[in-house]
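J.: Quick one, protein22.cif (mmCIF, C-alpha atoms):
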```cif
data_query
loop_
_atom_site.label_atom_id
_atom_site.label_comp_id
_atom_site.auth_asym_id
_atom_site.auth_seq_id
_atom_site.Cartn_x
_atom_site.Cartn_y
_atom_site.Cartn_z
CA LYS A 1 33.70 -35.31 11.72
CA ALA A 2 34.91 -37.13 8.69
CA GLY A 3 33.46 -35.91 5.42
CA VAL A 4 31.61 -37.82 2.77
CA THR A 5 33.76 -40.58 1.35
CA GLN A 6 33.39 -42.22 -2.02
CA THR A 7 35.06 -45.33 -3.32
CA PRO A 8 36.67 -46.00 -5.62
CA ARG A 9 38.00 -42.62 -6.68
CA TYR A 10 38.81 -43.72 -10.22
CA LEU A 11 37.47 -46.52 -12.33
CA ILE A 12 37.96 -47.72 -15.87
CA LYS A 13 35.40 -50.05 -17.40
CA THR A 14 34.51 -51.24 -20.88
CA ARG A 15 31.18 -50.94 -22.65
CA GLY A 16 28.64 -53.51 -21.55
CA GLN A 17 30.13 -54.02 -18.11
CA GLN A 18 28.45 -52.97 -14.91
CA VAL A 19 29.84 -50.89 -12.08
CA THR A 20 29.04 -50.26 -8.42
CA LEU A 21 30.05 -47.07 -6.66
CA SER A 22 29.96 -46.57 -2.92
CA CYS A 23 29.26 -43.56 -0.75
CA SER A 24 29.61 -43.21 3.01
CA PRO A 25 27.82 -40.12 4.30
CA ILE A 26 28.90 -37.93 7.17
CA SER A 27 28.19 -39.65 10.46
CA GLY A 28 24.60 -38.94 11.49
CA HIS A 29 23.48 -37.94 8.01
CA ARG A 30 20.61 -40.03 6.75
CA SER A 31 19.91 -38.53 3.33
CA VAL A 32 22.17 -39.42 0.43
CA SER A 33 21.87 -38.03 -3.09
CA TRP A 34 23.78 -38.90 -6.22
CA TYR A 35 24.69 -36.63 -9.13
CA GLN A 36 26.36 -37.20 -12.47
CA GLN A 37 28.67 -34.52 -13.84
CA THR A 38 29.70 -34.46 -17.49
CA PRO A 39 31.16 -31.66 -19.61
CA GLY A 40 28.13 -31.73 -21.90
CA GLN A 41 25.22 -32.06 -19.49
CA GLY A 42 26.74 -30.55 -16.39
CA LEU A 43 25.57 -31.67 -12.97
CA GLN A 44 22.44 -33.77 -13.06
CA PHE A 45 20.50 -35.30 -10.19
CA LEU A 46 20.33 -39.08 -10.23
CA PHE A 47 18.45 -40.09 -7.09
CA GLU A 48 17.99 -39.50 -3.39
CA TYR A 49 17.81 -42.07 -0.63
CA PHE A 50 16.54 -41.66 2.88
CA SER A 51 15.86 -44.39 5.43
CA GLU A 52 16.81 -47.05 2.90
CA THR A 53 14.13 -45.86 0.47
CA GLN A 54 14.52 -44.06 -2.82
CA ARG A 55 12.66 -40.80 -2.40
CA ASN A 56 13.31 -39.07 -5.71
CA LYS A 57 14.76 -40.02 -9.05
CA GLY A 58 16.15 -37.93 -11.87
CA ASN A 59 15.63 -38.45 -15.56
CA PHE A 60 18.00 -41.35 -16.09
CA PRO A 61 17.38 -44.76 -17.66
CA GLY A 62 16.71 -47.82 -15.56
CA ARG A 63 20.32 -48.92 -16.01
CA PHE A 64 21.06 -46.53 -13.17
CA SER A 65 19.98 -47.84 -9.80
CA GLY A 66 20.93 -47.47 -6.20
CA ARG A 67 20.29 -48.52 -2.70
CA GLN A 68 20.88 -47.41 0.84
CA PHE A 69 21.79 -49.55 3.79
CA SER A 70 20.65 -49.31 7.39
CA ASN A 71 23.87 -47.45 8.31
CA SER A 72 22.99 -44.84 5.62
CA ARG A 73 25.81 -45.90 3.33
CA SER A 74 24.69 -45.92 -0.27
CA GLU A 75 25.68 -47.62 -3.45
CA MET A 76 24.79 -46.84 -7.02
CA ASN A 77 24.97 -49.31 -9.83
CA VAL A 78 25.15 -48.76 -13.55
CA SER A 79 24.53 -51.78 -15.72
CA THR A 80 25.38 -52.27 -19.39
CA LEU A 81 27.76 -49.34 -19.43
CA GLU A 82 27.79 -46.99 -22.40
CA LEU A 83 30.51 -44.59 -23.49
CA GLY A 84 28.27 -41.72 -22.45
CA ASP A 85 28.28 -42.92 -18.86
CA SER A 86 31.83 -41.64 -18.49
CA ALA A 87 31.49 -38.97 -15.86
CA LEU A 88 32.28 -37.79 -12.37
CA TYR A 89 29.73 -39.31 -10.01
CA LEU A 90 29.19 -37.24 -6.91
CA CYS A 91 27.50 -38.26 -3.72
CA ALA A 92 26.10 -35.76 -1.26
CA SER A 93 24.69 -36.21 2.21
CA SER A 94 22.57 -34.17 4.57
CA PRO A 95 21.21 -34.81 8.05
CA THR A 96 17.58 -35.04 7.00
CA ARG A 97 15.51 -34.83 3.86
CA ILE A 98 14.54 -31.25 4.53
CA ALA A 99 18.07 -30.12 5.31
CA GLU A 100 19.04 -27.64 2.68
CA THR A 101 22.81 -27.77 2.55
CA GLN A 102 24.33 -30.73 0.77
CA TYR A 103 27.79 -31.99 1.72
CA PHE A 104 29.56 -33.48 -1.25
CA GLY A 105 32.16 -36.20 -1.47
CA PRO A 106 35.21 -36.02 -3.76
CA GLY A 107 33.48 -38.07 -6.45
CA THR A 108 34.25 -41.19 -8.42
CA ARG A 109 35.59 -40.61 -11.90
CA LEU A 110 34.35 -43.33 -14.24
CA LEU A 111 35.83 -43.82 -17.67
CA VAL A 112 34.04 -46.19 -20.04
CA LEU A 113 36.11 -47.45 -22.97
CA SER B 1 17.87 -30.49 -17.23
CA GLN B 2 19.52 -27.31 -16.06
CA GLN B 3 17.44 -24.89 -14.03
CA GLY B 4 20.09 -22.27 -13.63
CA GLU B 5 22.42 -20.53 -15.99
CA GLU B 6 25.50 -18.71 -14.72
CA ASP B 7 26.78 -15.60 -16.40
CA PRO B 8 29.52 -15.02 -17.39
CA GLN B 9 30.68 -18.55 -18.16
CA ALA B 10 34.27 -17.59 -17.50
CA LEU B 11 35.88 -14.69 -15.69
CA SER B 12 39.53 -13.81 -15.25
CA ILE B 13 40.53 -11.14 -12.75
CA GLN B 14 43.51 -9.99 -10.71
CA GLU B 15 43.98 -10.71 -7.03
CA GLY B 16 42.30 -8.10 -4.90
CA GLU B 17 39.57 -7.37 -7.43
CA ASN B 18 35.94 -8.24 -6.88
CA ALA B 19 34.23 -11.01 -8.85
CA THR B 20 30.53 -11.00 -9.63
CA MET B 21 28.67 -13.99 -10.97
CA ASN B 22 25.05 -14.05 -12.00
CA CYS B 23 22.59 -16.90 -12.06
CA SER B 24 19.19 -17.06 -13.69
CA TYR B 25 16.64 -19.78 -13.10
CA LYS B 26 13.30 -20.76 -14.54
CA THR B 27 10.82 -21.90 -11.90
CA SER B 28 9.75 -21.02 -8.38
CA ILE B 29 12.24 -22.04 -5.77
CA ASN B 30 12.54 -22.71 -2.04
CA ASN B 31 16.15 -21.63 -1.93
CA LEU B 32 19.17 -20.95 -4.08
CA GLN B 33 22.66 -22.10 -3.18
CA TRP B 34 26.14 -21.43 -4.47
CA TYR B 35 28.81 -24.12 -4.58
CA ARG B 36 32.48 -24.09 -5.51
CA GLN B 37 34.35 -26.87 -7.26
CA ASN B 38 38.12 -27.11 -7.57
CA SER B 39 39.51 -28.97 -10.58
CA GLY B 40 36.79 -31.60 -11.00
CA ARG B 41 36.64 -32.52 -7.34
CA GLY B 42 33.70 -32.46 -4.98
CA LEU B 43 31.55 -29.42 -4.48
CA VAL B 44 31.85 -27.18 -1.45
CA HIS B 45 28.78 -25.35 -0.20
CA LEU B 46 29.36 -21.60 -0.01
CA ILE B 47 26.11 -19.90 0.85
CA LEU B 48 22.36 -20.41 0.78
CA ILE B 49 19.63 -17.84 0.36
CA ARG B 50 15.98 -18.64 0.87
CA SER B 51 13.22 -17.43 -1.39
CA ASN B 52 11.99 -14.91 1.20
CA GLU B 53 15.45 -13.36 1.60
CA ARG B 54 16.97 -10.69 -0.58
CA GLU B 55 20.59 -10.55 0.53
CA LYS B 56 23.01 -12.56 2.64
CA HIS B 57 26.62 -12.20 3.59
CA SER B 58 29.22 -14.72 4.63
CA GLY B 59 32.78 -13.50 5.02
CA ARG B 60 33.88 -12.17 1.62
CA LEU B 61 30.74 -13.49 -0.04
CA ARG B 62 27.59 -11.55 -0.72
CA VAL B 63 24.62 -13.13 -2.45
CA THR B 64 21.47 -11.42 -3.62
CA LEU B 65 18.22 -12.92 -4.82
CA ASP B 66 15.53 -11.31 -6.95
CA THR B 67 12.64 -13.75 -7.21
CA SER B 68 10.67 -11.43 -9.49
CA LYS B 69 13.47 -11.63 -12.05
CA LYS B 70 14.38 -15.21 -11.13
CA SER B 71 17.99 -14.24 -10.72
CA SER B 72 20.77 -14.23 -8.16
CA SER B 73 24.23 -12.82 -7.98
CA LEU B 74 27.29 -13.86 -6.02
CA LEU B 75 29.92 -11.28 -5.20
CA ILE B 76 33.36 -12.32 -3.99
CA THR B 77 35.24 -9.34 -2.63
CA ALA B 78 39.01 -8.94 -2.47
CA SER B 79 39.56 -12.12 -4.46
CA ARG B 80 42.53 -14.39 -3.87
CA ALA B 81 44.34 -16.87 -6.08
CA ALA B 82 42.80 -19.61 -3.94
CA ASP B 83 39.36 -18.51 -5.15
CA THR B 84 40.21 -19.91 -8.58
CA ALA B 85 37.56 -22.56 -9.15
CA SER B 86 34.28 -23.28 -10.87
CA TYR B 87 31.20 -21.83 -9.23
CA PHE B 88 27.71 -23.28 -9.53
CA CYS B 89 24.35 -22.01 -8.54
CA ALA B 90 21.83 -24.63 -7.52
CA THR B 91 18.15 -24.31 -6.82
CA GLU B 92 15.78 -26.32 -4.71
CA ARG B 93 12.65 -26.06 -6.81
CA GLN B 94 9.23 -25.79 -5.23
CA GLY B 95 7.55 -29.12 -5.74
CA GLY B 96 10.54 -30.41 -7.65
CA SER B 97 11.50 -34.06 -7.63
CA GLU B 98 15.20 -33.28 -7.75
CA LYS B 99 17.16 -32.53 -4.63
CA LEU B 100 19.01 -29.70 -6.34
CA VAL B 101 19.10 -28.43 -9.91
CA PHE B 102 22.46 -27.02 -10.92
CA GLY B 103 23.48 -24.43 -13.45
CA LYS B 104 26.25 -25.09 -15.94
CA GLY B 105 28.84 -23.35 -13.82
CA MET B 106 31.25 -20.48 -14.19
CA LYS B 107 35.02 -20.73 -14.27
CA LEU B 108 36.72 -18.04 -12.19
CA THR B 109 40.45 -17.48 -12.56
CA VAL B 110 42.16 -15.16 -10.11
CA ASN B 111 45.62 -14.20 -11.27
CA PRO B 112 48.25 -13.46 -8.60
#
```
As structure tokens, please, write out the structure in this file.
T.:
Amino acid sequence: KAGVTQTPRYLIKTRGQQVTLSCSPISGHRSVSWYQQTPGQGLQFLFEYFSETQRNKGNFPGRFSGRQFSNSRSEMNVSTLELGDSALYLCASSPTRIAETQYFGPGTRLLVL
Amino acid sequence: SQQGEEDPQALSIQEGENATMNCSYKTSINNLQWYRQNSGRGLVHLILIRSNEREKHSGRLRVTLDTSKKSSSLLITASRAADTASYFCATERQGGSEKLVFGKGMKLTVNP
């Protein structure tokens, strides 16, 4: 089975712009979670989607949003980018919501200038 | 916010030696997991231990969990240069809204 794929792998944006990141889960996996990793804050949970519905959300401002499609692919969007949004954004999938093990993609590295 | 805290934050050992990493957490959990990350890439799941388990093994990995002390340890035996990576503990909190809460991570360097 192919693993979790994330596109693009690298992205450079300027402050005030918006960005959309994409995640394709492992085939058959229906739960997708997003995490932000920065040197200062570490790995932080952004949100979880299952059956096209956001099930949980971390402590992030409303500029961070996401969605999930019927094929379980997910996108996350960050509007009005700030310098502090520079990070590695990781997507993880699991077969169901109660599945414990998360399978992570390689991440999208976002640099905001 | 971080739930877990790995200790030590960095460890450098020689190939063949054992590496022990500790993780402490703050609230009641359903399970605790260890992940490895190579050079800022994606995380790889290593091992999971549930709150009603005390010890688990997987290959060269041994994880223990002490829920009374809210702590876990990961032992990597007979380390290899390929084990060089950052290691994170992550907890699934009871009643938590997050999927997983990660610690800050520990950098392990295994010198050939």
J.: Need to verify the contact set: Phe69 of chain A, 9 Å, all atoms listed in the file, exclusion of same-chain residues closer than 6 positions in sequence. Can you return it as a list in words?
T.: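 Here the answer would be Ser51, Glu52 and Glu75 of chain A.
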J.: So how far away is atom CA of Gly28 of chain A from atom CA of Pro95 of chain A, in Å?
T.: 6.4 Å
J.: With a cut-off of 8 Å and counting all atoms listed in the file, select all residues of chain B in contact with chain A and give the selection as a compact mmCIF listing (two decimals) with C-alpha atoms, in the coordinates of the input.
T.:
```txt
# COMPACT_ATOMS: atom_id res chain seq x y z
CA SER B 1 17.87 -30.49 -17.23
CA GLN B 2 19.52 -27.31 -16.06
CA GLY B 40 36.79 -31.60 -11.00
CA ARG B 41 36.64 -32.52 -7.34
CA GLY B 42 33.70 -32.46 -4.98
CA LEU B 43 31.55 -29.42 -4.48
CA VAL B 44 31.85 -27.18 -1.45
CA HIS B 45 28.78 -25.35 -0.20
CA LEU B 48 22.36 -20.41 0.78
CA SER B 97 11.50 -34.06 -7.63
CA GLU B 98 15.20 -33.28 -7.75
CA LYS B 99 17.16 -32.53 -4.63
CA LEU B 100 19.01 -29.70 -6.34
CA VAL B 101 19.10 -28.43 -9.91
CA PHE B 102 22.46 -27.02 -10.92
CA GLY B 103 23.48 -24.43 -13.45
CA LYS B 104 26.25 -25.09 -15.94
CA GLY B 105 28.84 -23.35 -13.82
```
J.: In Å, with one decimal, what is the gap from atom CA of Pro61 of chain A to atom CA of Ser79 of chain A?
T.: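 Computed distance, atom CA of Pro61 of chain A to atom CA of Ser79 of chain A, equals 10.2 Å.
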J.: Could you check how far atom CA of Thr7 of chain A sits from atom CA of Val19 of chain A, in Å to one decimal?
T.: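 Computed distance, atom CA of Thr7 of chain A to atom CA of Val19 of chain A, equals 11.6 Å.
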J.: Report the centre and edge lengths, in Å to one decimal, of an axis-aligned box enclosing every atom of segment 51-68 of chain B listed in the file, padded by 5 Å on each side, as JSON.
T.:
```
{"center_x": 22.3, "center_y": -14.0, "center_z": -2.2, "size_x": 33.2, "size_y": 16.9, "size_z": 24.5}
```
J.: Counting all atoms listed in the file, find the residues whose atoms lie at most 12 Å from (16.9, -21.6, -11.4) (file coordinates) and write them out as an NGL selection string.
T.: :B and (1-6 or 22-34 or 51 or 65-67 or 69-73 or 88-94 or 96 or 100-104)
J.: Any chance you could resolve the PyMOL selection byres ((chain A and resi 21) around 6) against this file and give the residues as a compact mmCIF listing (two decimals) with C-alpha atoms, in the coordinates of the input?
T.:
```txt
# COMPACT_ATOMS: atom_id res chain seq x y z
CA THR A 20 29.04 -50.26 -8.42
CA SER A 22 29.96 -46.57 -2.92
CA GLU A 75 25.68 -47.62 -3.45
CA MET A 76 24.79 -46.84 -7.02
```
J.: Considering all atoms listed in the file, state which residue in the set A:Ser86, A:Gly3, A:Tyr49, A:Val78 is at the smallest distance from Gly62 of chain A.
T.: A:Val78
J.: Under the rule that all atoms listed in the file are counted, which of A:Ser70, A:Arg30, A:Arg15, A:Thr96 is the nearest residue to Gly84 of chain A?
T.: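 Looking only at the distances to Gly84 of chain A, the closest residue turns out to be A:Arg15.
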J.: Mind telling me what the PyMOL selection byres ((chain B and resi 81) around 10) catches here, as a short mmCIF file (atom, residue, chain, number, x, y, z; two decimals) with C-alpha atoms, in the coordinates of the input?
T.:
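Produced file expr_7.cif, reproduced below:
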```cif
data_model
loop_
_atom_site.label_atom_id
_atom_site.label_comp_id
_atom_site.auth_asym_id
_atom_site.auth_seq_id
_atom_site.Cartn_x
_atom_site.Cartn_y
_atom_site.Cartn_z
CA ILE B 13 40.53 -11.14 -12.75
CA GLN B 14 43.51 -9.99 -10.71
CA GLU B 15 43.98 -10.71 -7.03
CA GLY B 16 42.30 -8.10 -4.90
CA SER B 79 39.56 -12.12 -4.46
CA ARG B 80 42.53 -14.39 -3.87
CA ALA B 82 42.80 -19.61 -3.94
CA ASP B 83 39.36 -18.51 -5.15
CA THR B 84 40.21 -19.91 -8.58
CA ALA B 85 37.56 -22.56 -9.15
CA LEU B 108 36.72 -18.04 -12.19
CA THR B 109 40.45 -17.48 -12.56
CA VAL B 110 42.16 -15.16 -10.11
CA ASN B 111 45.62 -14.20 -11.27
CA PRO B 112 48.25 -13.46 -8.60
#
```
J.: Determine the residue set returned by the PyMOL selection byres ((chain A and resi 23) around 6) for the present structure, and present it as a list of chain:residue names.
T.: A:Thr5, A:Gln6, A:Ser22, A:Ser24, A:Arg73, A:Ser74
J.: Considering all atoms listed in the file, state which residue in the set A:Arg67, A:Ala87, A:Thr38, A:Ala2 is at the smallest distance from Leu110 of chain A.
T.: A:Ala87
J.: Which polymer residues have any atom within 8 Å of an atom of Asp85 of chain A, counting only C-alpha atoms, with same-chain residues fewer than 2 positions away left out, as a list in words?
T.: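 Returned residues: Leu81, Glu82, Leu83, Ala87, Leu110, Leu111 and Val112 of chain A.
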